[in-house]
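What's in final.txt: compact mmCIF, C-alpha atoms and all ligand atoms
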# COMPACT_ATOMS: atom_id res chain seq x y z
CA MET A 920 118.43 113.34 115.23
CA LEU A 921 118.57 112.24 118.84
CA ASP A 922 121.26 114.78 119.69
CA LYS A 923 120.74 116.42 123.14
CA LYS A 924 117.32 114.77 123.54
CA ASN A 925 116.41 113.58 127.04
CA ILE A 926 115.37 109.95 126.85
CA LEU A 927 113.98 108.08 129.84
CA ILE A 928 114.26 104.32 129.50
CA GLY A 929 111.73 102.28 131.48
CA ILE A 930 113.08 98.78 131.99
CA GLY A 931 110.71 95.88 132.70
CA GLY A 932 111.55 92.49 134.19
CA GLY A 933 112.08 90.29 131.16
CA ILE A 934 115.00 88.15 130.09
CA ALA A 935 115.81 90.68 127.33
CA VAL A 936 116.97 93.29 129.89
CA TYR A 937 120.62 92.68 129.05
CA ARG A 938 119.93 93.96 125.51
CA THR A 939 118.60 97.24 126.92
CA ALA A 940 122.17 97.98 128.01
CA GLU A 941 123.14 97.98 124.34
CA LEU A 942 120.22 100.29 123.52
CA VAL A 943 121.33 102.74 126.22
CA ARG A 944 124.86 102.79 124.80
CA LEU A 945 123.58 103.36 121.29
CA LEU A 946 121.32 106.26 122.31
CA ILE A 947 124.20 107.90 124.19
CA LYS A 948 126.44 107.40 121.16
CA ARG A 949 123.84 109.21 119.08
CA GLY A 950 124.02 112.20 121.43
CA ALA A 951 121.01 111.57 123.70
CA ASN A 952 120.96 112.18 127.48
CA VAL A 953 119.71 108.93 128.96
CA ARG A 954 118.31 108.09 132.39
CA CYS A 955 116.88 104.76 133.44
CA VAL A 956 114.06 103.54 135.64
CA MET A 957 113.93 99.84 136.47
CA THR A 958 111.05 97.82 137.86
CA LYS A 959 111.66 95.57 140.88
CA SER A 960 111.55 92.52 138.58
CA ALA A 961 114.05 94.07 136.15
CA CYS A 962 116.54 94.33 139.04
CA GLU A 963 116.30 90.53 139.44
CA PHE A 964 117.89 90.11 135.99
CA VAL A 965 120.50 92.91 135.88
CA THR A 966 121.59 95.23 138.68
CA PRO A 967 120.98 98.99 138.41
CA LEU A 968 124.75 99.43 138.56
CA THR A 969 124.99 98.40 134.90
CA PHE A 970 122.79 101.31 133.86
CA ASP A 971 124.41 103.71 136.39
CA ALA A 972 127.76 102.99 134.78
CA LEU A 973 126.47 103.34 131.21
CA THR A 974 124.52 106.58 131.75
CA GLY A 975 126.66 108.22 134.43
CA HIS A 976 123.42 108.82 136.38
CA GLU A 977 121.83 106.95 139.23
CA THR A 978 119.23 104.47 138.00
CA HIS A 979 115.85 105.00 139.63
CA THR A 980 114.09 101.99 141.12
CA GLN A 981 112.01 103.15 144.10
CA LEU A 982 108.83 105.17 144.23
CA PHE A 983 109.06 105.70 147.98
CA ASP A 984 112.58 107.03 148.22
CA LEU A 985 112.18 110.30 150.06
CA THR A 986 115.54 111.87 149.20
CA ARG A 987 115.18 111.07 145.56
CA GLU A 988 111.54 112.08 145.55
CA ARG A 989 112.72 115.52 146.71
CA GLU A 990 115.60 115.66 144.20
CA MET A 991 114.30 113.92 141.11
CA GLY A 992 110.88 112.51 141.86
CA HIS A 993 108.52 110.76 139.52
CA ILE A 994 107.00 114.03 138.30
CA GLN A 995 110.37 115.65 137.58
CA LEU A 996 111.54 112.51 135.77
CA ALA A 997 108.46 112.54 133.56
CA ARG A 998 108.90 116.28 132.88
CA TRP A 999 112.64 115.91 132.22
CA ALA A 1000 112.06 113.43 129.38
CA ASP A 1001 111.55 114.44 125.75
CA ALA A 1002 110.46 110.86 125.14
CA ILE A 1003 110.12 107.61 127.06
CA VAL A 1004 111.14 104.18 125.76
CA ILE A 1005 109.94 101.07 127.58
CA ALA A 1006 112.29 98.23 126.74
CA PRO A 1007 111.71 95.47 127.42
CA ALA A 1008 108.00 95.96 128.02
CA THR A 1009 106.71 92.87 129.83
CA ALA A 1010 103.20 91.47 129.43
CA ASN A 1011 102.63 92.67 132.98
CA LEU A 1012 103.67 96.25 132.13
CA LEU A 1013 101.43 96.29 129.04
CA THR A 1014 98.49 95.35 131.27
CA LYS A 1015 99.30 97.98 133.88
CA LEU A 1016 99.75 100.71 131.26
CA ALA A 1017 96.54 99.76 129.46
CA TYR A 1018 94.54 99.95 132.70
CA GLY A 1019 96.31 102.96 134.23
CA ILE A 1020 97.71 101.07 137.21
CA ALA A 1021 100.39 103.05 139.07
CA ASP A 1022 101.89 100.86 141.77
CA ASP A 1023 105.62 101.41 141.29
CA LEU A 1024 107.96 104.17 140.08
CA LEU A 1025 107.80 103.35 136.35
CA THR A 1026 104.04 102.96 136.13
CA THR A 1027 103.52 106.11 138.25
CA ILE A 1028 105.81 108.08 135.90
CA MET A 1029 103.70 106.77 133.01
CA GLN A 1030 100.58 108.23 134.62
CA VAL A 1031 102.25 111.65 134.72
CA ASN A 1032 103.91 111.35 131.32
CA GLU A 1033 102.81 113.66 128.51
CA THR A 1034 105.71 112.96 126.14
CA PRO A 1035 105.78 110.54 123.19
CA THR A 1036 106.33 106.95 124.31
CA LEU A 1037 107.77 104.01 122.41
CA ILE A 1038 107.00 100.54 123.72
CA SER A 1039 109.29 97.65 122.83
CA PRO A 1040 107.69 94.42 124.04
CA ALA A 1041 109.59 91.20 124.64
CA MET A 1042 108.04 87.97 125.86
CA ASN A 1043 107.27 84.37 125.03
CA HIS A 1044 105.21 84.08 121.81
CA SER A 1045 102.20 82.57 123.63
CA MET A 1046 102.19 85.54 126.01
CA TRP A 1047 102.40 87.94 123.04
CA GLU A 1048 99.61 86.16 121.19
CA SER A 1049 97.32 85.82 124.25
CA ASP A 1050 93.94 87.54 124.14
CA ALA A 1051 94.86 89.70 127.12
CA THR A 1052 98.06 91.03 125.53
CA LYS A 1053 96.34 91.59 122.17
CA LYS A 1054 93.63 93.62 123.87
CA ASN A 1055 96.17 95.63 125.90
CA VAL A 1056 98.23 96.44 122.81
CA GLU A 1057 95.08 97.58 121.00
CA THR A 1058 94.15 99.82 123.95
CA LEU A 1059 97.66 101.30 124.15
CA LYS A 1060 97.74 102.01 120.40
CA THR A 1061 94.37 103.76 120.69
CA LYS A 1062 95.84 105.87 123.51
CA GLY A 1063 98.61 106.99 121.11
CA PHE A 1064 101.52 104.82 122.29
CA LYS A 1065 103.89 103.76 119.50
CA PHE A 1066 105.35 100.26 119.27
CA SER A 1067 108.71 98.98 118.10
CA GLY A 1068 108.49 95.23 117.61
CA PRO A 1069 108.46 92.61 118.82
CA ALA A 1070 110.50 90.79 116.19
CA SER A 1071 110.00 87.13 115.29
CA GLY A 1072 112.61 84.45 115.68
CA GLU A 1073 114.22 82.26 118.29
CA LEU A 1074 113.21 83.34 121.81
CA ALA A 1075 115.25 83.08 125.02
CA CYS A 1076 113.10 80.11 126.09
CA GLY A 1077 114.20 78.24 122.96
CA GLU A 1078 110.79 78.43 121.25
CA ILE A 1079 110.30 80.20 117.93
CA GLY A 1080 107.77 82.92 117.17
CA PRO A 1081 106.99 86.63 117.69
CA GLY A 1082 108.24 88.06 120.99
CA ARG A 1083 111.92 88.96 120.54
CA LEU A 1084 113.00 92.42 121.63
CA ASN A 1085 113.68 94.47 118.50
CA GLU A 1086 117.34 95.14 117.69
CA PRO A 1087 118.60 98.20 119.65
CA GLU A 1088 119.39 99.90 116.29
CA THR A 1089 115.77 99.40 115.17
CA ILE A 1090 114.38 100.72 118.47
CA ALA A 1091 116.61 103.81 118.20
CA ASN A 1092 115.49 104.36 114.59
CA ASP A 1093 111.84 103.96 115.53
CA LEU A 1094 112.30 106.55 118.27
CA VAL A 1095 113.58 109.30 115.96
CA PRO A 1096 110.20 110.26 114.34
CA LEU A 1097 108.64 110.66 117.79
CA LEU A 1098 111.10 113.46 118.53
CA ASN A 1099 111.02 115.39 115.28
CA PRO A 1100 108.35 117.59 113.66
CA GLN A 1101 106.63 115.76 110.80
CA ILE A 1102 107.30 118.48 108.22
CA LEU A 1103 107.53 116.06 105.28
CA ASP A 1104 104.16 114.49 106.05
CA ASN A 1105 102.30 113.59 102.84
CA GLN A 1106 105.51 113.46 100.77
CA HIS A 1107 106.95 110.40 99.04
CA TRP A 1108 110.73 110.25 98.71
CA VAL A 1109 112.49 107.55 96.69
CA ILE A 1110 116.18 106.90 97.29
CA ASN A 1111 118.50 104.39 95.70
CA ALA A 1112 121.62 103.28 97.53
CA GLY A 1113 124.58 100.94 97.55
CA PRO A 1114 126.53 99.32 94.76
CA THR A 1115 125.10 97.08 92.06
CA TRP A 1116 126.34 93.62 91.15
CA GLU A 1117 126.70 92.64 87.52
CA ARG A 1118 127.00 88.89 87.22
CA TRP A 1119 129.62 87.48 84.88
CA ASP A 1120 129.61 83.76 85.58
CA ALA A 1121 128.20 81.55 88.34
CA VAL A 1122 130.43 83.14 91.03
CA ARG A 1123 132.05 86.31 89.67
CA ILE A 1124 130.61 89.82 89.68
CA LEU A 1125 131.47 93.37 88.62
CA THR A 1126 130.88 95.84 91.47
CA ASN A 1127 132.42 98.77 93.38
CA ARG A 1128 133.31 99.88 96.91
CA ALA A 1129 130.12 101.88 97.65
CA THR A 1130 128.48 100.94 100.96
CA GLY A 1131 125.04 102.61 100.70
CA THR A 1132 125.51 104.22 104.15
CA LEU A 1133 124.66 107.77 103.06
CA GLY A 1134 121.55 106.60 101.19
CA VAL A 1135 120.30 104.81 104.30
CA HIS A 1136 120.92 107.93 106.43
CA LEU A 1137 118.99 110.02 103.89
CA ALA A 1138 116.12 107.51 104.02
CA HIS A 1139 116.10 107.67 107.83
CA THR A 1140 116.26 111.47 107.90
CA ALA A 1141 113.39 111.96 105.44
CA SER A 1142 111.22 109.33 107.12
CA ALA A 1143 111.97 110.76 110.58
CA LEU A 1144 110.50 114.02 109.29
CA GLY A 1145 107.34 112.24 108.20
CA ALA A 1146 108.00 111.38 104.53
CA SER A 1147 106.98 107.98 103.26
CA VAL A 1148 110.27 106.64 101.93
CA THR A 1149 111.08 103.88 99.46
CA LEU A 1150 114.71 102.74 99.53
CA ILE A 1151 115.93 100.73 96.57
CA ALA A 1152 118.99 99.05 97.97
CA GLY A 1153 121.86 97.32 96.23
CA PRO A 1154 123.70 94.36 97.82
CA GLY A 1155 125.31 95.00 101.21
CA THR A 1156 123.43 98.23 101.90
CA PRO A 1157 123.14 98.57 105.71
CA GLU A 1158 119.88 97.73 107.51
CA SER A 1159 117.17 100.37 107.38
CA ALA A 1160 114.45 101.28 109.88
CA SER A 1161 111.17 99.41 109.63
CA ARG A 1162 109.37 102.63 108.70
CA VAL A 1163 111.35 102.72 105.41
CA GLN A 1164 109.92 100.60 102.60
CA ARG A 1165 112.93 98.70 101.29
CA ILE A 1166 113.30 96.94 97.96
CA GLY A 1167 116.47 94.89 97.59
CA VAL A 1168 117.97 94.66 94.10
CA GLU A 1169 121.14 93.30 92.56
CA SER A 1170 121.85 94.59 89.04
CA ALA A 1171 121.55 98.04 87.43
CA GLU A 1172 118.74 96.86 85.17
CA GLU A 1173 116.79 95.56 88.16
CA MET A 1174 117.41 98.84 89.97
CA LEU A 1175 116.12 100.82 86.98
CA VAL A 1176 112.82 98.92 86.88
CA HIS A 1177 112.15 99.47 90.60
CA CYS A 1178 113.31 103.11 90.58
CA LYS A 1179 111.03 104.01 87.68
CA THR A 1180 108.02 102.35 89.28
CA ALA A 1181 108.61 103.73 92.78
CA ALA A 1182 109.52 107.25 91.62
CA LEU A 1183 106.40 107.75 89.51
CA ASN A 1184 104.93 111.10 90.66
CA ALA A 1185 107.09 111.04 93.82
CA ASP A 1186 108.03 114.31 95.50
CA VAL A 1187 111.76 113.58 95.56
CA PHE A 1188 114.09 111.07 93.93
CA ILE A 1189 117.68 110.88 95.19
CA GLY A 1190 120.13 108.78 93.22
CA THR A 1191 122.91 107.94 95.67
CA ALA A 1192 123.55 104.42 94.33
CA ALA A 1193 126.92 103.70 92.71
CA ILE A 1194 125.51 101.92 89.71
CA SER A 1195 127.90 99.96 87.59
CA ASP A 1196 128.34 101.86 84.32
CA PHE A 1197 128.79 98.55 82.49
CA ARG A 1198 127.57 94.96 82.57
CA PHE A 1199 128.95 91.85 80.88
CA SER A 1200 127.63 91.47 77.34
CA LYS A 1201 127.44 87.71 77.75
CA LEU A 1202 126.47 85.91 80.96
CA ILE A 1203 128.25 82.62 81.57
CA THR A 1204 126.01 80.28 83.53
CA GLU A 1205 128.77 77.89 84.72
CA LYS A 1206 131.86 78.85 86.73
CA LEU A 1207 134.49 79.85 84.19
CA LYS A 1208 137.63 77.68 84.55
CA ARG A 1209 141.05 79.02 83.84
CA GLY A 1210 142.32 75.89 82.05
CA ASP A 1211 144.89 76.91 79.45
CA ILE A 1212 143.61 80.49 79.08
CA GLU A 1213 146.42 83.02 79.56
CA GLN A 1214 144.58 86.13 78.33
CA LEU A 1215 140.87 86.79 78.21
CA GLN A 1216 139.00 89.52 76.33
CA ILE A 1217 135.78 90.59 78.03
CA GLU A 1218 133.04 92.54 76.30
CA LEU A 1219 131.03 95.01 78.37
CA THR A 1220 127.77 96.81 77.53
CA ALA A 1221 126.79 100.21 78.94
CA ASN A 1222 124.14 100.14 81.67
CA PRO A 1223 121.22 102.57 81.69
CA ASP A 1224 121.72 105.94 83.41
CA ILE A 1225 119.03 105.55 86.09
CA VAL A 1226 118.89 109.08 87.42
CA ALA A 1227 118.63 110.49 83.87
CA HIS A 1228 115.83 108.00 83.06
CA VAL A 1229 113.91 109.04 86.17
CA ALA A 1230 114.46 112.76 85.49
CA LYS A 1231 113.13 112.44 81.93
CA MET A 1232 110.26 109.99 82.42
CA ASP A 1233 106.54 110.83 82.27
CA GLY A 1234 105.39 111.30 85.84
CA ARG A 1235 108.85 112.57 86.80
CA PRO A 1236 109.30 113.27 90.52
CA ALA A 1237 108.96 116.96 91.44
CA HIS A 1238 112.67 117.07 92.36
CA VAL A 1239 115.43 114.76 91.14
CA ILE A 1240 118.82 114.85 92.86
CA ALA A 1241 121.86 113.08 91.47
CA PHE A 1242 125.16 112.13 93.10
CA ALA A 1243 128.43 112.34 91.23
CA ALA A 1244 131.57 110.67 92.54
CA GLU A 1245 134.47 112.26 90.65
CA SER A 1246 138.23 111.92 90.84
CA SER A 1247 139.09 115.32 89.28
CA ALA A 1248 137.48 118.60 88.08
CA HIS A 1249 134.56 117.75 90.36
CA ILE A 1250 132.51 120.92 89.84
CA ASP A 1251 132.94 121.04 86.05
CA HIS A 1252 132.03 117.39 85.60
CA ALA A 1253 129.06 117.70 87.96
CA ARG A 1254 127.73 120.81 86.14
CA GLU A 1255 127.94 118.98 82.83
CA LYS A 1256 125.95 116.08 84.36
CA LEU A 1257 123.41 118.45 85.90
CA ASP A 1258 122.50 119.69 82.38
CA ARG A 1259 122.80 116.38 80.55
CA LYS A 1260 120.74 114.41 83.06
CA ALA A 1261 118.17 117.22 83.53
CA VAL A 1262 118.28 116.94 87.33
CA ASP A 1263 117.47 119.71 89.83
CA ALA A 1264 120.62 119.41 91.91
CA ILE A 1265 123.72 117.30 92.14
CA PHE A 1266 125.96 116.44 95.07
CA ALA A 1267 129.49 116.15 93.74
CA ASN A 1268 132.04 114.42 95.91
CA ASP A 1269 135.40 112.75 95.65
CA VAL A 1270 135.61 109.03 94.90
CA SER A 1271 137.79 108.68 98.00
CA ASN A 1272 134.66 109.25 100.16
CA MET A 1273 133.48 105.73 99.26
CA GLY A 1274 133.54 103.49 102.32
CA LYS A 1275 134.65 106.34 104.63
CA GLU A 1276 132.88 107.49 107.81
CA ASN A 1277 132.90 111.17 106.79
CA ALA A 1278 132.21 112.86 103.48
CA GLY A 1279 132.07 116.38 102.08
CA GLY A 1280 131.58 117.78 98.59
CA TRP A 1281 129.70 120.39 96.58
CA TRP A 1282 125.96 121.01 96.38
CA ILE A 1283 125.32 122.19 92.85
CA THR A 1284 122.10 123.60 91.39
CA PRO A 1285 121.66 125.64 88.16
CA GLU A 1286 121.97 128.80 90.32
CA GLN A 1287 124.56 127.97 92.97
CA THR A 1288 127.58 125.92 94.04
CA GLU A 1289 128.03 125.45 97.78
CA GLN A 1290 130.94 123.63 99.33
CA ILE A 1291 130.02 121.24 102.14
CA GLU A 1292 132.86 120.50 104.54
CA PRO A 1293 133.38 116.85 105.54
CA LEU A 1294 130.73 115.66 108.00
CA ALA A 1295 129.80 112.30 109.51
CA LYS A 1296 127.44 110.69 106.98
CA GLU A 1297 124.44 110.99 109.31
CA GLN A 1298 125.02 114.75 109.60
CA LEU A 1299 125.70 115.03 105.88
CA ALA A 1300 122.34 113.34 105.18
CA GLN A 1301 120.63 115.91 107.40
CA LYS A 1302 122.41 118.77 105.65
CA LEU A 1303 121.45 117.43 102.20
CA THR A 1304 117.84 116.92 103.33
CA ARG A 1305 117.71 120.59 104.35
CA GLN A 1306 119.16 121.58 100.94
CA ILE A 1307 116.46 119.52 99.18
CA MET A 1308 113.75 121.11 101.34
CA GLU A 1309 115.11 124.53 100.25
CA LEU A 1310 114.56 123.49 96.61
CA GLN A 1311 110.94 122.68 97.48
CA LYS A 1312 110.21 126.23 98.73
C1 LIG B 1401 113.42 83.85 134.03
C2 LIG B 1401 112.24 84.72 133.76
C3 LIG B 1401 112.11 85.33 132.54
C4 LIG B 1401 111.02 86.15 132.25
N1 LIG B 1401 110.95 86.75 131.02
C5 LIG B 1401 109.87 87.51 130.73
C6 LIG B 1401 109.77 88.12 129.46
O1 LIG B 1401 110.65 88.01 128.60
N2 LIG B 1401 108.67 88.86 129.20
C7 LIG B 1401 107.67 89.03 130.12
O2 LIG B 1401 106.68 89.70 129.80
N3 LIG B 1401 107.77 88.46 131.33
C8 LIG B 1401 108.83 87.73 131.67
N4 LIG B 1401 108.92 87.14 132.90
C9 LIG B 1401 107.85 87.39 133.88
C10 LIG B 1401 108.00 88.75 134.55
O3 LIG B 1401 109.27 88.85 135.16
C11 LIG B 1401 106.88 88.98 135.56
O4 LIG B 1401 105.63 89.02 134.89
C12 LIG B 1401 107.08 90.23 136.37
O5 LIG B 1401 105.98 90.39 137.26
C13 LIG B 1401 107.19 91.48 135.51
O6 LIG B 1401 107.32 92.62 136.32
P1 LIG B 1401 107.43 94.08 135.68
O7 LIG B 1401 106.44 94.14 134.59
O8 LIG B 1401 107.06 94.99 136.82
O9 LIG B 1401 108.82 94.27 135.29
C14 LIG B 1401 110.01 86.34 133.23
C15 LIG B 1401 110.15 85.75 134.47
C16 LIG B 1401 111.24 84.94 134.75
C17 LIG B 1401 111.34 84.31 136.10
Encoded form (structure tokens):
Amino acid sequence: MLDKKNILIGIGGGIAVYRTAELVRLLIKRGANVRCVMTKSACEFVTPLTFDALTGHETHTQLFDLTREREMGHIQLARWADAIVIAPATANLLTKLAYGIADDLLTTIMQVNETPTLISPAMNHSMWESDATKKNVETLKTKGFKFSGPASGELACGEIGPGRLNEPETIANDLVPLLNPQILDNQHWVINAGPTWERWDAVRILTNRATGTLGVHLAHTASALGASVTLIAGPGTPESASRVQRIGVESAEEMLVHCKTAALNADVFIGTAAISDFRFSKLITEKLKRGDIEQLQIELTANPDIVAHVAKMDGRPAHVIAFAAESSAHIDHAREKLDRKAVDAIFANDVSNMGKENAGGWWITPEQTEQIEPLAKEQLAQKLTRQIMELQK
């Protein structure tokens, strides 16, 4: 959702500058065109050459550079950008932006800027918690600037507290909604993702190879379009953006409880999780020792069918979408599930998609079956989101 977007990165003079290089790489990897502007202080930490090499464009540092002012001056740079990210934003930059000071290239661009701006502060925790910074952040939020972070944890100075630059992945995720129309505003989508763990004894579990990647991409896509999203995530599900409300669960029974509560009267429920069909009938609290045992009989009990429960409950979401991983007769099996589970659509795919980068399958509703060619999971999530929005028409 950042594909072909023009992103201008404003880089302030903080110790976290080296992590901006990673952010630039990530944005380019996600298809964005990136250009960088560095403050004089930023150039004390990392040379512009780093960002020249990463972006393939000259990094801008000077306001009074006549050639560049003619070619790509501060006004053109501001107009070129679809969005601006300031990372790291120093305490000094926050002050200048709050008061409209324009005494270098970056702050002058910001005076011209009319595009959405994401500010990612990074500084010592005392600086972040100072009255001046608090007031500046308040002013900037009132002016419509969006913030990503800072995170809490160990800071470069060795102290602990709020002030760490957000992870590049989180900054990129927080940028996406600024660049996309909020067409799912006022909707609540609930998505489950990942595998479940069924405990057997103190160390052993029953699980599967699902990663939860597609579920996370669906959560990001829907929330980037303005939906409020609850993600109920099994163990190992990848990190999700801070705008997604995440509930971590372990077993199928735990997942059922949270899905039913979260999905009550929701607009959409998507069941992407690979929920263990069975759990151990008896839980062993100690670690089972092999001893003299040569053969062991294990008794399993069927787990609840979560998507069917959600589709049949009082206060059912307006649309319920199931996923079916099949190893044969994909369409026939999925159609049978569509009826039995009383869902509105089902995405059937092959079990071999589990853990892979790309996946394709069949989008099946009572009226149609559409084949979806293999796509990267981020693109597949966007395609499926569009299919769900079609159901809502
Ligand atoms: C080693 C060192 C590390 C610094 N780290 C930060 C920082 O993380 N955050 C911050 O707000 N200021 C930091 N500063 C202070 C800024 O560099 C200083 O306020 C500077 O004027 C910021 O300029 P700029 O906002 O134009 O980039 C640091 C200074 C030094 C010498």
Tell me, in Å to one decimal, how far CA of Asp1263 in chain A is from CA of Gly1279 in chain A.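 For CA of Asp1263 in chain A relative to CA of Gly1279 in chain A, the distance reads 19.3 Å.
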Neighbour list for range 1152-1167 of chain A as an mmCIF file with C-alpha atoms, keeping the file's coordinate frame, cut-off 8 Å, all atoms listed in the file, skip fewer than 2 positions in-chain:
data_model
loop_
_atom_site.group_PDB
_atom_site.id
_atom_site.type_symbol
_atom_site.label_atom_id
_atom_site.label_comp_id
_atom_site.auth_asym_id
_atom_site.auth_seq_id
_atom_site.Cartn_x
_atom_site.Cartn_y
_atom_site.Cartn_z
ATOM 1 C CA THR A 1089 115.770 99.400 115.170
ATOM 2 C CA ASN A 1092 115.490 104.360 114.590
ATOM 3 C CA ASP A 1093 111.840 103.960 115.530
ATOM 4 C CA ASN A 1111 118.500 104.390 95.700
ATOM 5 C CA ALA A 1112 121.620 103.280 97.530
ATOM 6 C CA GLY A 1113 124.580 100.940 97.550
ATOM 7 C CA PRO A 1114 126.530 99.320 94.760
ATOM 8 C CA THR A 1115 125.100 97.080 92.060
ATOM 9 C CA TRP A 1116 126.340 93.620 91.150
ATOM 10 C CA THR A 1130 128.480 100.940 100.960
ATOM 11 C CA GLY A 1131 125.040 102.610 100.700
ATOM 12 C CA THR A 1132 125.510 104.220 104.150
ATOM 13 C CA VAL A 1135 120.300 104.810 104.300
ATOM 14 C CA ALA A 1138 116.120 107.510 104.020
ATOM 15 C CA HIS A 1139 116.100 107.670 107.830
ATOM 16 C CA SER A 1142 111.220 109.330 107.120
ATOM 17 C CA SER A 1147 106.980 107.980 103.260
ATOM 18 C CA VAL A 1148 110.270 106.640 101.930
ATOM 19 C CA THR A 1149 111.080 103.880 99.460
ATOM 20 C CA LEU A 1150 114.710 102.740 99.530
ATOM 21 C CA GLU A 1169 121.140 93.300 92.560
ATOM 22 C CA SER A 1170 121.850 94.590 89.040
ATOM 23 C CA MET A 1174 117.410 98.840 89.970
ATOM 24 C CA HIS A 1177 112.150 99.470 90.600
ATOM 25 C CA ALA A 1192 123.550 104.420 94.330
#
Shortest interatomic distance to ligand LIG 1401 (chain B) - which of A:Leu1183, A:Ile934, A:Val943, A:Leu982, counting only C-alpha atoms and all ligand atoms: A:Ile934
Counting all atoms listed in the file, give me one row per residue of chain A with an atom at most 9 Å from an atom of ligand LIG 1401 (chain B), showing the shortest contact pair and its distance in Å to one decimal, sorted by chain then residue number, as a Markdown table.
| residue | atom | partner | partner_atom | distance |
| --- | --- | --- | --- | --- |
| A:Ile930 | CA | B:LIG1401 | O9 | 7.0 |
| A:Gly931 | CA | B:LIG1401 | O9 | 3.6 |
| A:Gly932 | CA | B:LIG1401 | O9 | 3.4 |
| A:Gly933 | CA | B:LIG1401 | C5 | 3.6 |
| A:Ile934 | CA | B:LIG1401 | N1 | 4.4 |
| A:Ala935 | CA | B:LIG1401 | O1 | 5.9 |
| A:Val936 | CA | B:LIG1401 | O1 | 8.3 |
| A:Met957 | CA | B:LIG1401 | O9 | 7.7 |
| A:Thr958 | CA | B:LIG1401 | O9 | 4.9 |
| A:Lys959 | CA | B:LIG1401 | O8 | 6.2 |
| A:Ser960 | CA | B:LIG1401 | O9 | 4.6 |
| A:Ala961 | CA | B:LIG1401 | O9 | 5.3 |
| A:Cys962 | CA | B:LIG1401 | O9 | 8.6 |
| A:Glu963 | CA | B:LIG1401 | O3 | 8.4 |
| A:Phe964 | CA | B:LIG1401 | C1 | 7.9 |
| A:Pro1007 | CA | B:LIG1401 | N2 | 7.5 |
| A:Ala1008 | CA | B:LIG1401 | O2 | 6.6 |
| A:Thr1009 | CA | B:LIG1401 | O2 | 3.2 |
| A:Ala1010 | CA | B:LIG1401 | O2 | 3.9 |
| A:Asn1011 | CA | B:LIG1401 | O7 | 4.4 |
| A:Leu1012 | CA | B:LIG1401 | O7 | 4.3 |
| A:Leu1013 | CA | B:LIG1401 | O7 | 7.8 |
| A:Thr1014 | CA | B:LIG1401 | O7 | 8.7 |
| A:Lys1015 | CA | B:LIG1401 | O7 | 8.1 |
| A:Asp1023 | CA | B:LIG1401 | O8 | 8.0 |
| A:Leu1025 | CA | B:LIG1401 | O8 | 8.4 |
| A:Thr1026 | CA | B:LIG1401 | O8 | 8.6 |
| A:Pro1040 | CA | B:LIG1401 | O2 | 7.5 |
| A:Ala1041 | CA | B:LIG1401 | O1 | 5.2 |
| A:Met1042 | CA | B:LIG1401 | N2 | 3.5 |
| A:Asn1043 | CA | B:LIG1401 | O1 | 6.1 |
| A:Met1046 | CA | B:LIG1401 | O2 | 7.2 |
| A:Trp1047 | CA | B:LIG1401 | O2 | 8.2 |
| A:Leu1074 | CA | B:LIG1401 | O1 | 8.6 |
| A:Ala1075 | CA | B:LIG1401 | O1 | 7.6 |
| A:Cys1076 | CA | B:LIG1401 | C3 | 8.4 |
| A:Gly1082 | CA | B:LIG1401 | O1 | 8.0 |
| A:Arg1083 | CA | B:LIG1401 | O1 | 8.2 |
| A:Leu1084 | CA | B:LIG1401 | O1 | 8.6 |
Could you please take those selected residues and save C-alpha atoms as a tab-separated table (two decimals), in the coordinates of the input?
chain	number	residue	atom	x	y	z
A	930	ILE	CA	113.08	98.78	131.99
A	931	GLY	CA	110.71	95.88	132.70
A	932	GLY	CA	111.55	92.49	134.19
A	933	GLY	CA	112.08	90.29	131.16
A	934	ILE	CA	115.00	88.15	130.09
A	935	ALA	CA	115.81	90.68	127.33
A	936	VAL	CA	116.97	93.29	129.89
A	957	MET	CA	113.93	99.84	136.47
A	958	THR	CA	111.05	97.82	137.86
A	959	LYS	CA	111.66	95.57	140.88
A	960	SER	CA	111.55	92.52	138.58
A	961	ALA	CA	114.05	94.07	136.15
A	962	CYS	CA	116.54	94.33	139.04
A	963	GLU	CA	116.30	90.53	139.44
A	964	PHE	CA	117.89	90.11	135.99
A	1007	PRO	CA	111.71	95.47	127.42
A	1008	ALA	CA	108.00	95.96	128.02
A	1009	THR	CA	106.71	92.87	129.83
A	1010	ALA	CA	103.20	91.47	129.43
A	1011	ASN	CA	102.63	92.67	132.98
A	1012	LEU	CA	103.67	96.25	132.13
A	1013	LEU	CA	101.43	96.29	129.04
A	1014	THR	CA	98.49	95.35	131.27
A	1015	LYS	CA	99.30	97.98	133.88
A	1023	ASP	CA	105.62	101.41	141.29
A	1025	LEU	CA	107.80	103.35	136.35
A	1026	THR	CA	104.04	102.96	136.13
A	1040	PRO	CA	107.69	94.42	124.04
A	1041	ALA	CA	109.59	91.20	124.64
A	1042	MET	CA	108.04	87.97	125.86
A	1043	ASN	CA	107.27	84.37	125.03
A	1046	MET	CA	102.19	85.54	126.01
A	1047	TRP	CA	102.40	87.94	123.04
A	1074	LEU	CA	113.21	83.34	121.81
A	1075	ALA	CA	115.25	83.08	125.02
A	1076	CYS	CA	113.10	80.11	126.09
A	1082	GLY	CA	108.24	88.06	120.99
A	1083	ARG	CA	111.92	88.96	120.54
A	1084	LEU	CA	113.00	92.42	121.63
Let me have the centre and edge lengths in Å, one decimal, of the box along x, y and z around every listed atom of range 1083-1088 of chain A with 4 Å of margin on each side, as AutoDock Vina command-line options.
--center_x 115.7 --center_y 94.4 --center_z 119.0 --size_x 15.5 --size_y 18.9 --size_z 13.3
For Val1270 in chain A, the nearest of the candidates A:Val1122, A:Met1232, A:Ala1193, A:Ile1090, counting all atoms listed in the file: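 Smallest separation from Val1270 in chain A among the options: A:Ala1193.
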